[in-house]
$ cat target.csv   # CSV, C-alpha atoms
chain,number,residue,atom,x,y,z
A,1,MET,CA,84.5,127.2,84.8
A,2,ARG,CA,82.9,123.8,84.5
A,3,ALA,CA,81.5,122.3,81.3
A,4,LEU,CA,79.9,119.2,79.9
A,5,GLU,CA,81.2,118.4,76.5
A,6,LEU,CA,79.0,116.3,74.2
A,7,PHE,CA,80.1,114.6,70.9
A,8,ALA,CA,83.8,115.2,72.0
A,9,GLY,CA,85.4,113.4,69.1
A,10,ALA,CA,89.2,113.4,69.2
A,11,GLY,CA,89.2,116.4,71.6
A,12,GLY,CA,89.8,119.5,69.4
A,13,LEU,CA,87.0,121.6,71.0
A,14,GLY,CA,87.7,120.2,74.4
A,15,MET,CA,91.4,121.2,74.2
A,16,GLY,CA,90.5,124.7,73.2
A,17,MET,CA,88.1,124.9,76.1
A,18,SER,CA,90.7,123.5,78.6
A,19,LEU,CA,93.4,125.9,77.4
A,20,SER,CA,91.0,128.7,78.2
A,21,GLY,CA,90.5,127.6,81.8
A,22,VAL,CA,87.4,125.4,81.4
A,23,SER,CA,87.3,122.1,83.4
A,24,PRO,CA,85.1,119.3,82.0
A,25,VAL,CA,82.8,117.5,84.4
A,26,ALA,CA,82.3,114.8,81.7
A,27,VAL,CA,83.5,114.4,78.1
A,28,VAL,CA,81.0,112.3,76.2
A,29,GLU,CA,81.7,110.4,72.9
A,30,TRP,CA,80.1,107.3,71.5
A,31,ASP,CA,82.9,106.4,69.0
A,32,SER,CA,85.3,104.0,70.7
A,33,TRP,CA,88.3,105.0,68.4
A,34,ALA,CA,87.9,108.7,69.4
A,35,CYS,CA,87.6,107.7,73.1
A,36,ASP,CA,90.8,105.6,72.7
A,37,THR,CA,92.6,108.6,71.3
A,38,ILE,CA,91.8,110.7,74.4
A,39,ARG,CA,92.6,107.8,76.7
A,40,GLU,CA,95.9,107.1,74.9
A,41,ASN,CA,97.0,110.7,75.4
A,42,GLN,CA,95.9,110.5,79.0
A,43,ARG,CA,98.1,107.4,79.5
A,44,ARG,CA,101.0,109.4,77.9
A,45,GLY,CA,100.4,112.2,80.4
A,46,HIS,CA,99.3,114.8,78.0
A,47,PRO,CA,98.8,117.9,80.2
A,48,VAL,CA,95.6,119.2,78.5
A,49,VAL,CA,93.5,116.1,78.5
A,50,GLY,CA,95.1,114.4,81.5
A,51,ASP,CA,92.1,114.8,83.9
A,52,TRP,CA,89.2,114.6,81.5
A,53,PRO,CA,86.4,112.2,82.7
A,54,VAL,CA,85.8,110.3,79.5
A,55,VAL,CA,82.3,108.8,79.1
A,56,GLU,CA,82.0,106.4,76.2
A,57,GLY,CA,78.4,106.1,75.1
A,58,ASP,CA,75.4,107.8,73.6
A,59,VAL,CA,74.6,111.3,74.9
A,60,ARG,CA,71.0,110.3,75.2
A,61,ASP,CA,71.9,107.8,77.9
A,62,ILE,CA,73.9,110.1,80.2
A,63,ASP,CA,72.9,110.1,83.8
A,64,LEU,CA,72.4,113.9,84.1
A,65,SER,CA,71.6,113.5,87.8
A,66,SER,CA,75.2,112.7,88.5
A,67,LEU,CA,76.4,116.0,87.1
A,68,PRO,CA,76.9,119.3,89.1
A,69,ALA,CA,73.8,121.4,89.3
A,70,ASP,CA,75.4,124.7,88.4
A,71,LEU,CA,77.2,124.2,85.1
A,72,ASP,CA,78.8,127.1,83.2
A,73,LEU,CA,78.8,125.6,79.8
A,74,VAL,CA,77.4,122.8,77.6
A,75,THR,CA,79.5,122.4,74.5
A,76,GLY,CA,79.8,120.1,71.5
A,77,GLY,CA,79.5,119.5,67.8
A,78,PRO,CA,76.5,117.3,67.0
A,79,PRO,CA,77.2,114.8,64.2
A,80,CYS,CA,77.4,116.9,61.0
A,81,GLN,CA,76.7,114.2,58.4
A,82,PRO,CA,73.0,115.1,58.1
A,83,PHE,CA,74.0,118.6,56.9
A,84,SER,CA,77.4,118.0,55.3
A,85,MET,CA,77.9,119.3,51.8
A,86,GLY,CA,79.2,115.9,50.8
A,87,GLY,CA,76.6,113.8,52.7
A,88,LYS,CA,73.1,112.6,51.9
A,89,HIS,CA,71.5,115.9,53.0
A,90,LEU,CA,68.8,114.3,55.1
A,91,ALA,CA,68.9,116.7,58.0
A,92,HIS,CA,66.0,116.1,60.4
A,93,ASP,CA,65.2,112.8,58.6
A,94,ASP,CA,68.7,111.5,59.4
A,95,SER,CA,69.0,109.3,62.5
A,96,ARG,CA,72.3,110.9,63.2
A,97,ASP,CA,70.8,114.3,63.8
A,98,MET,CA,71.6,114.8,67.5
A,99,PHE,CA,70.4,118.4,67.8
A,100,PRO,CA,67.2,117.3,69.7
A,101,ALA,CA,69.3,115.3,72.2
A,102,ALA,CA,71.6,118.3,72.8
A,103,ILE,CA,68.7,120.7,73.2
A,104,ASN,CA,67.1,118.3,75.7
A,105,ILE,CA,70.3,118.2,77.8
A,106,ILE,CA,70.5,122.0,77.8
A,107,ALA,CA,66.9,122.2,78.9
A,108,ARG,CA,67.5,119.8,81.8
A,109,LEU,CA,70.9,121.2,83.0
A,110,ARG,CA,70.1,124.9,82.4
A,111,PRO,CA,73.8,125.9,81.9
A,112,ARG,CA,74.8,129.6,82.0
A,113,ALA,CA,75.9,129.3,78.3
A,114,PHE,CA,76.3,126.8,75.5
A,115,LEU,CA,78.4,126.4,72.4
A,116,ILE,CA,77.4,124.3,69.4
A,117,GLU,CA,79.6,123.8,66.4
A,118,ASN,CA,78.5,122.4,63.0
A,119,VAL,CA,79.2,122.4,59.3
A,120,LYS,CA,78.4,125.3,56.9
A,121,GLY,CA,75.9,123.0,55.2
A,122,LEU,CA,73.5,123.6,58.1
A,123,THR,CA,72.9,127.1,56.7
A,124,ARG,CA,72.1,126.0,53.1
A,125,SER,CA,68.8,127.1,51.7
A,126,SER,CA,67.3,123.6,51.6
A,127,PHE,CA,67.7,123.4,55.4
A,128,ALA,CA,66.5,126.9,56.1
A,129,ASN,CA,63.4,125.9,58.0
A,130,TYR,CA,65.1,123.3,60.1
A,131,TYR,CA,68.0,125.7,60.9
A,132,GLN,CA,65.5,128.3,62.1
A,133,TYR,CA,63.8,125.5,64.1
A,134,ILE,CA,67.1,124.6,65.8
A,135,LEU,CA,67.8,128.2,66.7
A,136,LEU,CA,64.3,128.7,68.1
A,137,ARG,CA,64.6,125.5,70.1
A,138,LEU,CA,67.9,126.6,71.5
A,139,GLU,CA,66.4,129.9,72.4
A,140,TYR,CA,63.6,128.2,74.3
A,141,PRO,CA,64.9,124.7,75.1
A,142,GLU,CA,62.0,123.9,77.4
A,143,ALA,CA,59.4,124.5,74.7
A,144,THR,CA,59.2,120.9,73.7
A,145,PRO,CA,57.0,119.4,71.0
A,146,ARG,CA,53.5,118.1,71.9
A,147,PRO,CA,52.8,114.3,71.5
A,148,GLY,CA,52.6,113.5,67.8
A,149,GLU,CA,53.7,117.0,66.7
A,150,ASP,CA,56.4,116.9,64.0
A,151,TRP,CA,59.1,119.5,63.8
A,152,MET,CA,57.4,121.7,61.1
A,153,GLU,CA,54.2,121.9,63.2
A,154,HIS,CA,56.3,122.7,66.3
A,155,LEU,CA,58.2,125.4,64.4
A,156,ARG,CA,55.0,127.1,63.2
A,157,ARG,CA,53.5,126.9,66.7
A,158,LEU,CA,56.7,128.4,68.3
A,159,GLN,CA,56.9,131.2,65.6
A,160,GLN,CA,53.2,132.1,66.2
A,161,ALA,CA,53.6,132.1,69.9
A,162,ARG,CA,56.7,134.3,69.8
A,163,SER,CA,55.2,136.8,67.4
A,164,SER,CA,52.1,137.1,69.5
A,165,GLY,CA,54.1,137.5,72.7
A,166,GLY,CA,52.8,134.3,74.1
A,167,LEU,CA,56.1,132.4,74.2
A,168,ARG,CA,57.1,132.9,77.9
A,169,GLN,CA,59.5,130.3,79.3
A,170,SER,CA,61.3,130.3,82.5
A,171,LEU,CA,64.5,129.2,80.6
A,172,ALA,CA,65.5,131.3,77.6
A,173,TYR,CA,68.8,132.0,75.9
A,174,ASN,CA,70.1,134.9,73.8
A,175,VAL,CA,71.4,132.9,70.8
A,176,THR,CA,74.0,134.1,68.4
A,177,PRO,CA,74.8,132.0,65.3
A,178,THR,CA,77.9,132.9,63.3
A,179,LEU,CA,79.4,131.4,60.1
A,180,VAL,CA,83.2,131.7,60.3
A,181,ASN,CA,86.3,130.7,58.3
A,182,ALA,CA,89.0,129.1,60.5
A,183,ALA,CA,91.7,130.7,58.4
A,184,ASP,CA,90.5,134.1,59.6
A,185,TYR,CA,91.6,133.1,63.1
A,186,GLY,CA,95.1,131.8,62.5
A,187,VAL,CA,94.3,128.2,61.5
A,188,PRO,CA,96.2,127.1,58.3
A,189,GLN,CA,93.0,125.8,56.7
A,190,ARG,CA,90.0,127.3,54.9
A,191,ARG,CA,87.4,125.6,57.0
A,192,GLU,CA,83.9,127.2,57.3
A,193,ARG,CA,81.8,126.2,60.3
A,194,VAL,CA,78.8,127.5,62.1
A,195,PHE,CA,79.1,128.4,65.8
A,196,ILE,CA,75.9,128.8,67.7
A,197,VAL,CA,76.4,130.4,71.1
A,198,GLY,CA,73.7,131.1,73.7
A,199,PHE,CA,73.9,132.9,77.1
A,200,ARG,CA,71.1,132.4,79.5
A,201,ARG,CA,68.9,135.5,79.2
A,202,ASP,CA,68.7,136.2,83.0
A,203,LEU,CA,72.5,136.9,82.9
A,204,GLY,CA,72.1,140.0,80.7
A,205,VAL,CA,75.2,139.1,78.7
A,206,GLU,CA,75.8,140.8,75.3
A,207,TRP,CA,78.2,138.7,73.2
A,208,HIS,CA,79.6,138.9,69.7
A,209,PHE,CA,81.9,136.4,67.9
A,210,PRO,CA,85.5,137.5,68.2
A,211,ARG,CA,86.8,139.7,65.4
A,212,GLU,CA,88.9,138.1,62.7
A,213,THR,CA,92.7,138.4,63.2
A,214,HIS,CA,94.0,137.1,59.8
A,215,SER,CA,93.2,137.7,56.2
A,216,LEU,CA,93.9,136.7,52.6
A,217,ASP,CA,94.9,140.3,51.7
A,218,ALA,CA,97.6,140.3,54.4
A,219,LEU,CA,98.9,137.0,53.1
A,220,LEU,CA,99.1,138.3,49.5
A,221,HIS,CA,100.7,141.5,50.8
A,222,SER,CA,103.4,139.4,52.5
A,223,GLN,CA,103.9,137.2,49.5
A,224,TRP,CA,103.7,139.6,46.5
A,225,VAL,CA,104.3,143.1,48.0
A,226,THR,CA,106.9,142.8,50.7
A,227,GLY,CA,108.2,139.3,49.9
A,228,ASP,CA,108.4,138.6,53.7
A,229,TYR,CA,106.6,135.3,53.3
A,230,TRP,CA,109.2,133.8,50.9
A,231,ARG,CA,112.2,135.2,52.9
A,232,ARG,CA,110.8,133.6,56.0
A,233,HIS,CA,110.7,130.3,54.3
A,234,GLY,CA,114.2,130.8,52.8
A,235,MET,CA,113.1,130.6,49.2
A,236,GLU,CA,112.9,132.7,46.0
A,237,ALA,CA,109.5,134.0,45.1
A,238,PRO,CA,107.9,131.8,42.4
A,239,ALA,CA,105.9,133.2,39.5
A,240,MET,CA,102.7,135.0,40.6
A,241,PRO,CA,99.6,132.8,40.1
A,242,VAL,CA,97.4,133.8,37.2
A,243,GLY,CA,94.5,135.9,38.3
A,244,LEU,CA,96.1,137.7,41.3
A,245,ALA,CA,97.7,140.7,39.4
A,246,ALA,CA,94.8,143.1,39.9
A,247,ARG,CA,94.4,142.3,43.6
A,248,VAL,CA,98.1,142.6,44.2
A,249,ARG,CA,98.3,145.9,42.3
A,250,ARG,CA,95.6,147.3,44.6
A,251,LEU,CA,97.5,146.1,47.6
A,252,ARG,CA,100.7,147.8,46.3
A,253,GLU,CA,98.9,151.0,45.7
A,254,SER,CA,97.3,151.2,49.1
A,255,LEU,CA,98.8,153.7,51.5
A,256,LEU,CA,98.4,151.3,54.5
A,257,PRO,CA,99.2,147.6,54.8
A,258,PRO,CA,96.4,145.2,55.7
A,259,GLU,CA,95.4,145.5,59.4
A,260,HIS,CA,95.3,141.8,59.9
A,261,GLN,CA,98.0,139.2,60.2
A,262,PRO,CA,98.5,137.0,57.1
A,263,TRP,CA,96.5,133.8,56.6
A,264,LEU,CA,98.7,130.8,57.6
A,265,THR,CA,99.5,128.4,54.8
A,266,THR,CA,100.0,124.7,54.4
A,267,ARG,CA,103.8,125.5,54.1
A,268,ASP,CA,103.6,127.4,57.4
A,269,ALA,CA,101.8,124.5,59.1
A,270,LEU,CA,104.4,121.9,58.0
A,271,VAL,CA,107.5,123.9,59.0
A,272,GLY,CA,110.0,121.6,60.8
A,273,LEU,CA,108.3,118.3,59.8
A,274,PRO,CA,110.4,116.0,57.6
A,275,GLU,CA,108.9,114.1,54.7
A,276,PRO,CA,106.6,111.4,56.1
A,277,GLY,CA,108.3,108.1,56.9
A,278,THR,CA,111.8,109.6,57.1
A,279,SER,CA,111.9,110.2,60.9
A,280,ASP,CA,110.5,108.6,64.0
A,281,LEU,CA,110.7,111.8,66.0
A,282,PHE,CA,107.1,112.7,65.2
A,283,PRO,CA,104.2,110.3,66.0
A,284,ASN,CA,101.6,109.5,63.4
A,285,HIS,CA,103.9,110.7,60.6
A,286,ARG,CA,103.9,107.9,58.1
A,287,GLN,CA,103.1,108.0,54.4
A,288,GLN,CA,99.7,106.7,53.2
A,289,PRO,CA,99.9,105.5,49.6
A,290,GLY,CA,97.2,105.8,46.9
A,291,ALA,CA,96.6,109.5,46.6
A,292,ARG,CA,95.3,110.7,43.2
A,293,ALA,CA,93.9,113.9,41.9
A,294,TYR,CA,90.8,114.3,39.7
A,295,PRO,CA,88.6,117.2,38.7
A,296,GLY,CA,87.4,119.1,41.7
A,297,HIS,CA,89.8,117.2,44.0
A,298,THR,CA,93.3,118.4,43.4
A,299,GLY,CA,94.8,118.7,46.9
A,300,SER,CA,95.9,121.6,49.0
A,301,PRO,CA,98.5,124.0,47.5
A,302,LEU,CA,101.5,124.8,49.7
A,303,ASP,CA,101.3,128.5,49.8
A,304,LEU,CA,97.6,129.0,50.7
A,305,PRO,CA,95.7,127.6,53.7
A,306,ALA,CA,94.9,123.9,53.3
A,307,LYS,CA,91.5,123.0,51.9
A,308,THR,CA,89.0,121.7,54.5
A,309,LEU,CA,90.1,118.4,55.9
A,310,LYS,CA,87.3,115.9,55.2
A,311,ALA,CA,86.1,113.0,57.3
A,312,GLY,CA,83.5,111.0,55.2
A,313,ASP,CA,81.2,108.2,56.4
A,314,HIS,CA,83.6,105.4,55.4
A,315,GLY,CA,87.0,106.9,55.6
A,316,VAL,CA,88.6,109.7,53.6
A,317,PRO,CA,86.9,110.5,50.3
A,318,GLY,CA,89.2,109.9,47.3
A,319,GLY,CA,91.2,113.0,46.2
A,320,GLU,CA,90.8,114.7,49.5
A,321,ASN,CA,93.2,115.5,52.4
A,322,MET,CA,96.1,115.7,49.9
A,323,LEU,CA,99.2,118.0,49.6
A,324,ALA,CA,99.7,119.3,46.0
A,325,TYR,CA,103.3,120.1,45.1
A,326,PRO,CA,104.0,122.9,42.6
A,327,ASP,CA,105.2,120.3,40.0
A,328,GLY,CA,101.8,118.6,40.0
A,329,ARG,CA,102.6,115.7,42.3
A,330,VAL,CA,100.1,114.9,45.0
A,331,ARG,CA,100.3,112.7,48.2
A,332,TYR,CA,98.1,112.3,51.2
A,333,PHE,CA,98.8,114.3,54.3
A,334,SER,CA,100.2,112.2,57.1
A,335,LEU,CA,98.2,112.2,60.3
A,336,ARG,CA,100.8,114.4,61.9
A,337,GLU,CA,100.5,116.9,59.0
A,338,ALA,CA,96.7,116.8,59.2
A,339,ALA,CA,96.9,117.3,63.0
A,340,ARG,CA,99.1,120.4,62.4
A,341,ILE,CA,96.6,121.8,59.9
A,342,GLN,CA,93.9,121.3,62.6
A,343,THR,CA,96.3,123.0,65.1
A,344,PHE,CA,96.6,119.9,67.4
A,345,PRO,CA,99.8,119.8,69.4
A,346,ASP,CA,102.6,117.6,68.0
A,347,GLY,CA,102.6,115.4,71.1
A,348,TYR,CA,98.9,114.5,70.6
A,349,VAL,CA,98.7,110.9,69.3
A,350,LEU,CA,95.8,109.7,67.1
A,351,HIS,CA,94.5,106.2,67.7
A,352,GLY,CA,93.4,103.8,65.0
A,353,SER,CA,94.2,103.3,61.3
A,354,TRP,CA,95.1,106.2,59.0
A,355,SER,CA,91.6,106.3,57.6
A,356,GLU,CA,90.0,106.1,61.1
A,357,ALA,CA,92.4,108.7,62.6
A,358,MET,CA,91.9,111.0,59.6
A,359,ARG,CA,88.2,110.8,60.1
A,360,GLN,CA,88.6,111.9,63.7
A,361,LEU,CA,90.7,114.9,62.5
A,362,GLY,CA,88.2,115.7,59.8
A,363,ASN,CA,85.4,115.9,62.3
A,364,ALA,CA,87.4,118.0,64.8
A,365,VAL,CA,87.2,121.6,65.7
A,366,PRO,CA,90.7,123.3,65.2
A,367,VAL,CA,92.2,123.7,68.6
A,368,ARG,CA,93.2,127.3,68.0
A,369,LEU,CA,89.8,128.3,66.8
A,370,ALA,CA,88.2,126.6,69.8
A,371,GLN,CA,90.5,128.4,72.1
A,372,VAL,CA,89.6,131.8,70.5
A,373,VAL,CA,85.9,131.2,71.0
A,374,ALA,CA,86.3,129.7,74.5
A,375,SER,CA,88.4,132.6,75.8
A,376,SER,CA,85.7,135.0,74.7
A,377,LEU,CA,83.0,133.0,76.4
A,378,VAL,CA,85.0,132.5,79.6
A,379,GLU,CA,85.6,136.3,79.8
A,380,LYS,CA,81.9,137.0,79.6
A,381,LEU,CA,81.0,134.3,82.1
A,382,ALA,CA,83.6,135.5,84.5
A,383,LEU,CA,82.3,139.1,84.3
A,384,SER,CA,78.8,137.8,84.8
A,385,ARG,CA,79.8,135.9,87.9
A,386,MET,CA,81.6,139.0,89.3
A,387,ALA,CA,78.4,141.1,88.8
A,388,GLU,CA,76.3,138.4,90.5
A,389,ALA,CA,78.7,138.3,93.5
A,390,LYS,CA,78.7,142.1,93.7
A,391,SER,CA,74.9,142.1,93.6
A,392,ARG,CA,74.6,139.5,96.4
A,393,ALA,CA,77.1,141.5,98.5
A,394,GLY,CA,75.0,144.6,98.1
A,395,ARG,CA,71.9,142.8,99.1
A,396,ARG,CA,73.5,141.5,102.3
A,397,ALA,CA,74.9,144.9,103.2
A,398,ALA,CA,71.4,146.4,102.8
$ encode --input "target.csv" --output "structure tokens"
Amino acid sequence: MRALELFAGAGGLGMGMSLSGVSPVAVVEWDSWACDTIRENQRRGHPVVGDWPVVEGDVRDIDLSSLPADLDLVTGGPPCQPFSMGGKHLAHDDSRDMFPAAINIIARLRPRAFLIENVKGLTRSSFANYYQYILLRLEYPEATPRPGEDWMEHLRRLQQARSSGGLRQSLAYNVTPTLVNAADYGVPQRRERVFIVGFRRDLGVEWHFPRETHSLDALLHSQWVTGDYWRRHGMEAPAMPVGLAARVRRLRESLLPPEHQPWLTTRDALVGLPEPGTSDLFPNHRQQPGARAYPGHTGSPLDLPAKTLKAGDHGVPGGENMLAYPDGRVRYFSLREAARIQTFPDGYVLHGSWSEAMRQLGNAVPVRLAQVVASSLVEKLALSRMAEAKSRAGRRAA
């Protein structure tokens, strides 16, 4: 499987793709620090990113004519600041909105499928019209705006054409948008993100987002019903947090245990890591001073999945990306700890200052979640290719 990755960042989505058997024909990223991170790991001989063709630059400047004509996938996470819950909420009025550029590339390359990842804020009610516009443009990427036509006018025209049956394009995709929580797929972090997947309509592929494998109920069951969680970590069970009694009682009274695996917690993610700065065995594992808690920003508890790692426009926002100890102390996660929370491998080195590298991690797709989604796409694409080959063989035999 061959893919073009756009907005590659530090490589989280790309690593998940590569681990699922996808080979990138180009990995495009404009941020020099993120490109340096990938190149640094290539110099170190990291097996997953070792042969990635890194292209540092704006996706709008890519020479598409140099790419293979028959791509399986276009993937990427367009910059999310225009839609971020903590951003300025400018959406289509934000110069960082790269959805039009991504759609233009899909229209020109006509890949068999695409995968777009973005923040939950894209689905908020204030962006509803633009979100529908993005989905409709991805469904019909060749249906471009007319000269002087703004996006709202274009949206109305596309909606009217589709409802009347007049929207007939040679290139169309079956588009499936899904809002997911990374914790439900074995990532030790409560991270909600939108995945928009499209398969070219002529392939006849039916696809659904993979089913969840982990749950909060399963975690609570392992903590407060069986106690397996505490035994696994070699510790006595602490006092049950206030507010869980009714839910735990329901779990105890259930005849069957939860069907999923337990959510992974911050404590699970950090197993085997010493305190930051006490060992040189792990790269990027130094302590960053200055952490402080304030209302609404109290850090991640040890025995739940971490809160969403944040990036921010100008470094890590105050009070974010912190570990909260049971005694009330807080400290920033080291880069290695944050990488663990994003399911990056321990041997993967982040380039740049703590703030810059943390921004890369905060923008990344968790590797494990990327691999789950990529494996599902690869399976459908492989079956589609087999069906095409069988059909061609039948025609030749006839």
$ closest_residue --input "target.csv" --among "A:Ile62, A:Ala26, A:Leu171, A:Val373" --to "Glu117 (chain A)" --atoms "all atoms listed in the file"
A:Val373
$ atom_distance --input "target.csv" --atom1 "CA of Ser222 (chain A)" --atom2 "CA of Pro305 (chain A)"
14.1 Å
$ residues_near_point --input "target.csv" --point "(93.2, 112.1, 57.9)" --cutoff "9 Å" --atoms "all atoms listed in the file" --output "PyMOL selection string"
chain A and resi 309-311+315-316+321+332-339+354-362
$ residues_around --input "target.csv" --residues "Pro177 (chain A)" --least-positions-apart "2" --cutoff "9 Å" --atoms "all atoms listed in the file" --output "list in words"
Leu135, Val175, Leu179, Val194, Phe195, Ile196, Val197, Gly198 and Phe209 of chain A
$ residues_near_point --input "target.csv" --point "(105.8, 109.6, 68.8)" --cutoff "12 Å" --atoms "only C-alpha atoms" --output "short mmCIF file (atom, residue, chain, number, x, y, z; two decimals) with C-alpha atoms, in the frame of the given file"
data_model
loop_
_atom_site.label_atom_id
_atom_site.label_comp_id
_atom_site.auth_asym_id
_atom_site.auth_seq_id
_atom_site.Cartn_x
_atom_site.Cartn_y
_atom_site.Cartn_z
CA GLU A 40 95.90 107.10 74.90
CA ASN A 41 97.00 110.70 75.40
CA ARG A 44 101.00 109.40 77.90
CA SER A 279 111.90 110.20 60.90
CA ASP A 280 110.50 108.60 64.00
CA LEU A 281 110.70 111.80 66.00
CA PHE A 282 107.10 112.70 65.20
CA PRO A 283 104.20 110.30 66.00
CA ASN A 284 101.60 109.50 63.40
CA HIS A 285 103.90 110.70 60.60
CA ARG A 286 103.90 107.90 58.10
CA LEU A 335 98.20 112.20 60.30
CA ARG A 336 100.80 114.40 61.90
CA PRO A 345 99.80 119.80 69.40
CA ASP A 346 102.60 117.60 68.00
CA GLY A 347 102.60 115.40 71.10
CA TYR A 348 98.90 114.50 70.60
CA VAL A 349 98.70 110.90 69.30
CA LEU A 350 95.80 109.70 67.10
CA HIS A 351 94.50 106.20 67.70
#
$ atom_distance --input "target.csv" --atom1 "CA of Ser18 (chain A)" --atom2 "CA of Trp263 (chain A)"
25.0 Å
$ atom_distance --input "target.csv" --atom1 "CA of Gln159 (chain A)" --atom2 "CA of Gln132 (chain A)"
9.7 Å
$ closest_residue --input "target.csv" --among "A:Leu6, A:His46, A:Arg211, A:Leu136" --to "Met98 (chain A)" --atoms "only C-alpha atoms"
A:Leu6
$ closest_residue --input "target.csv" --among "A:Leu270, A:Leu304, A:Leu369, A:Met235" --to "Ser215 (chain A)" --atoms "all atoms listed in the file"
A:Leu304
$ residues_around --input "target.csv" --residues "Thr343 (chain A)" --least-positions-apart "3" --cutoff "6 Å" --atoms "all atoms listed in the file" --output "list in words"
Arg340, Pro366 and Val367 of chain A
$ closest_residue --input "target.csv" --among "A:Pro53, A:Leu122, A:Arg146, A:Arg43" --to "Pro78 (chain A)" --atoms "only C-alpha atoms"
A:Leu122
$ residues_around --input "target.csv" --residues "Arg292 (chain A)" --least-positions-apart "3" --cutoff "12 Å" --atoms "only C-alpha atoms" --output "PyMOL selection string"
chain A and resi 288-289+295-299+317-324+328-332
$ write_last_selection --input "target.csv" --atoms "C-alpha atoms" --output "compact mmCIF listing (two decimals), in the frame of the given file"
# COMPACT_ATOMS: atom_id res chain seq x y z
CA GLN A 288 99.70 106.70 53.20
CA PRO A 289 99.90 105.50 49.60
CA PRO A 295 88.60 117.20 38.70
CA GLY A 296 87.40 119.10 41.70
CA HIS A 297 89.80 117.20 44.00
CA THR A 298 93.30 118.40 43.40
CA GLY A 299 94.80 118.70 46.90
CA PRO A 317 86.90 110.50 50.30
CA GLY A 318 89.20 109.90 47.30
CA GLY A 319 91.20 113.00 46.20
CA GLU A 320 90.80 114.70 49.50
CA ASN A 321 93.20 115.50 52.40
CA MET A 322 96.10 115.70 49.90
CA LEU A 323 99.20 118.00 49.60
CA ALA A 324 99.70 119.30 46.00
CA GLY A 328 101.80 118.60 40.00
CA ARG A 329 102.60 115.70 42.30
CA VAL A 330 100.10 114.90 45.00
CA ARG A 331 100.30 112.70 48.20
CA TYR A 332 98.10 112.30 51.20
$ closest_residue --input "target.csv" --among "A:Pro301, A:Gly121, A:Gly50, A:Gly57" --to "Glu192 (chain A)" --atoms "all atoms listed in the file"
A:Gly121
$ closest_atom_pairs --input "target.csv" --of "region 171-257 of chain A" --to "region 382-385 of chain A" --cutoff "12 Å" --atoms "only C-alpha atoms" --output "CSV"
residue,atom,partner,partner_atom,distance
A:Phe199,CA,A:Ser384,CA,10.4
A:Arg200,CA,A:Ser384,CA,10.8
A:Arg201,CA,A:Ser384,CA,11.6
A:Asp202,CA,A:Ser384,CA,10.4
A:Leu203,CA,A:Ser384,CA,6.6
A:Gly204,CA,A:Ser384,CA,8.2
A:Val205,CA,A:Ser384,CA,7.2
A:Glu206,CA,A:Ser384,CA,10.4
A:Trp207,CA,A:Ser384,CA,11.7
$ write_last_selection --input "target.csv" --atoms "C-alpha atoms" --output "short mmCIF file (atom, residue, chain, number, x, y, z; two decimals), in the coordinates of the input"
data_model
loop_
_atom_site.label_atom_id
_atom_site.label_comp_id
_atom_site.auth_asym_id
_atom_site.auth_seq_id
_atom_site.Cartn_x
_atom_site.Cartn_y
_atom_site.Cartn_z
CA PHE A 199 73.90 132.90 77.10
CA ARG A 200 71.10 132.40 79.50
CA ARG A 201 68.90 135.50 79.20
CA ASP A 202 68.70 136.20 83.00
CA LEU A 203 72.50 136.90 82.90
CA GLY A 204 72.10 140.00 80.70
CA VAL A 205 75.20 139.10 78.70
CA GLU A 206 75.80 140.80 75.30
CA TRP A 207 78.20 138.70 73.20
#
$ closest_residue --input "target.csv" --among "A:Ala246, A:Leu377, A:Ala161, A:Leu167" --to "Leu115 (chain A)" --atoms "all atoms listed in the file"
A:Leu377
$ residues_around --input "target.csv" --residues "Asp72 (chain A)" --least-positions-apart "4" --cutoff "10 Å" --atoms "all atoms listed in the file" --output "VMD selection string"
chain A and resid 1 to 4 22 to 23 68 109 to 114 199 377 to 378 381 to 382
$ write_last_selection --input "target.csv" --atoms "C-alpha atoms" --output "tab-separated table (two decimals), keeping the file's coordinate frame"
chain	number	residue	atom	x	y	z
A	1	MET	CA	84.50	127.20	84.80
A	2	ARG	CA	82.90	123.80	84.50
A	3	ALA	CA	81.50	122.30	81.30
A	4	LEU	CA	79.90	119.20	79.90
A	22	VAL	CA	87.40	125.40	81.40
A	23	SER	CA	87.30	122.10	83.40
A	68	PRO	CA	76.90	119.30	89.10
A	109	LEU	CA	70.90	121.20	83.00
A	110	ARG	CA	70.10	124.90	82.40
A	111	PRO	CA	73.80	125.90	81.90
A	112	ARG	CA	74.80	129.60	82.00
A	113	ALA	CA	75.90	129.30	78.30
A	114	PHE	CA	76.30	126.80	75.50
A	199	PHE	CA	73.90	132.90	77.10
A	377	LEU	CA	83.00	133.00	76.40
A	378	VAL	CA	85.00	132.50	79.60
A	381	LEU	CA	81.00	134.30	82.10
A	382	ALA	CA	83.60	135.50	84.50
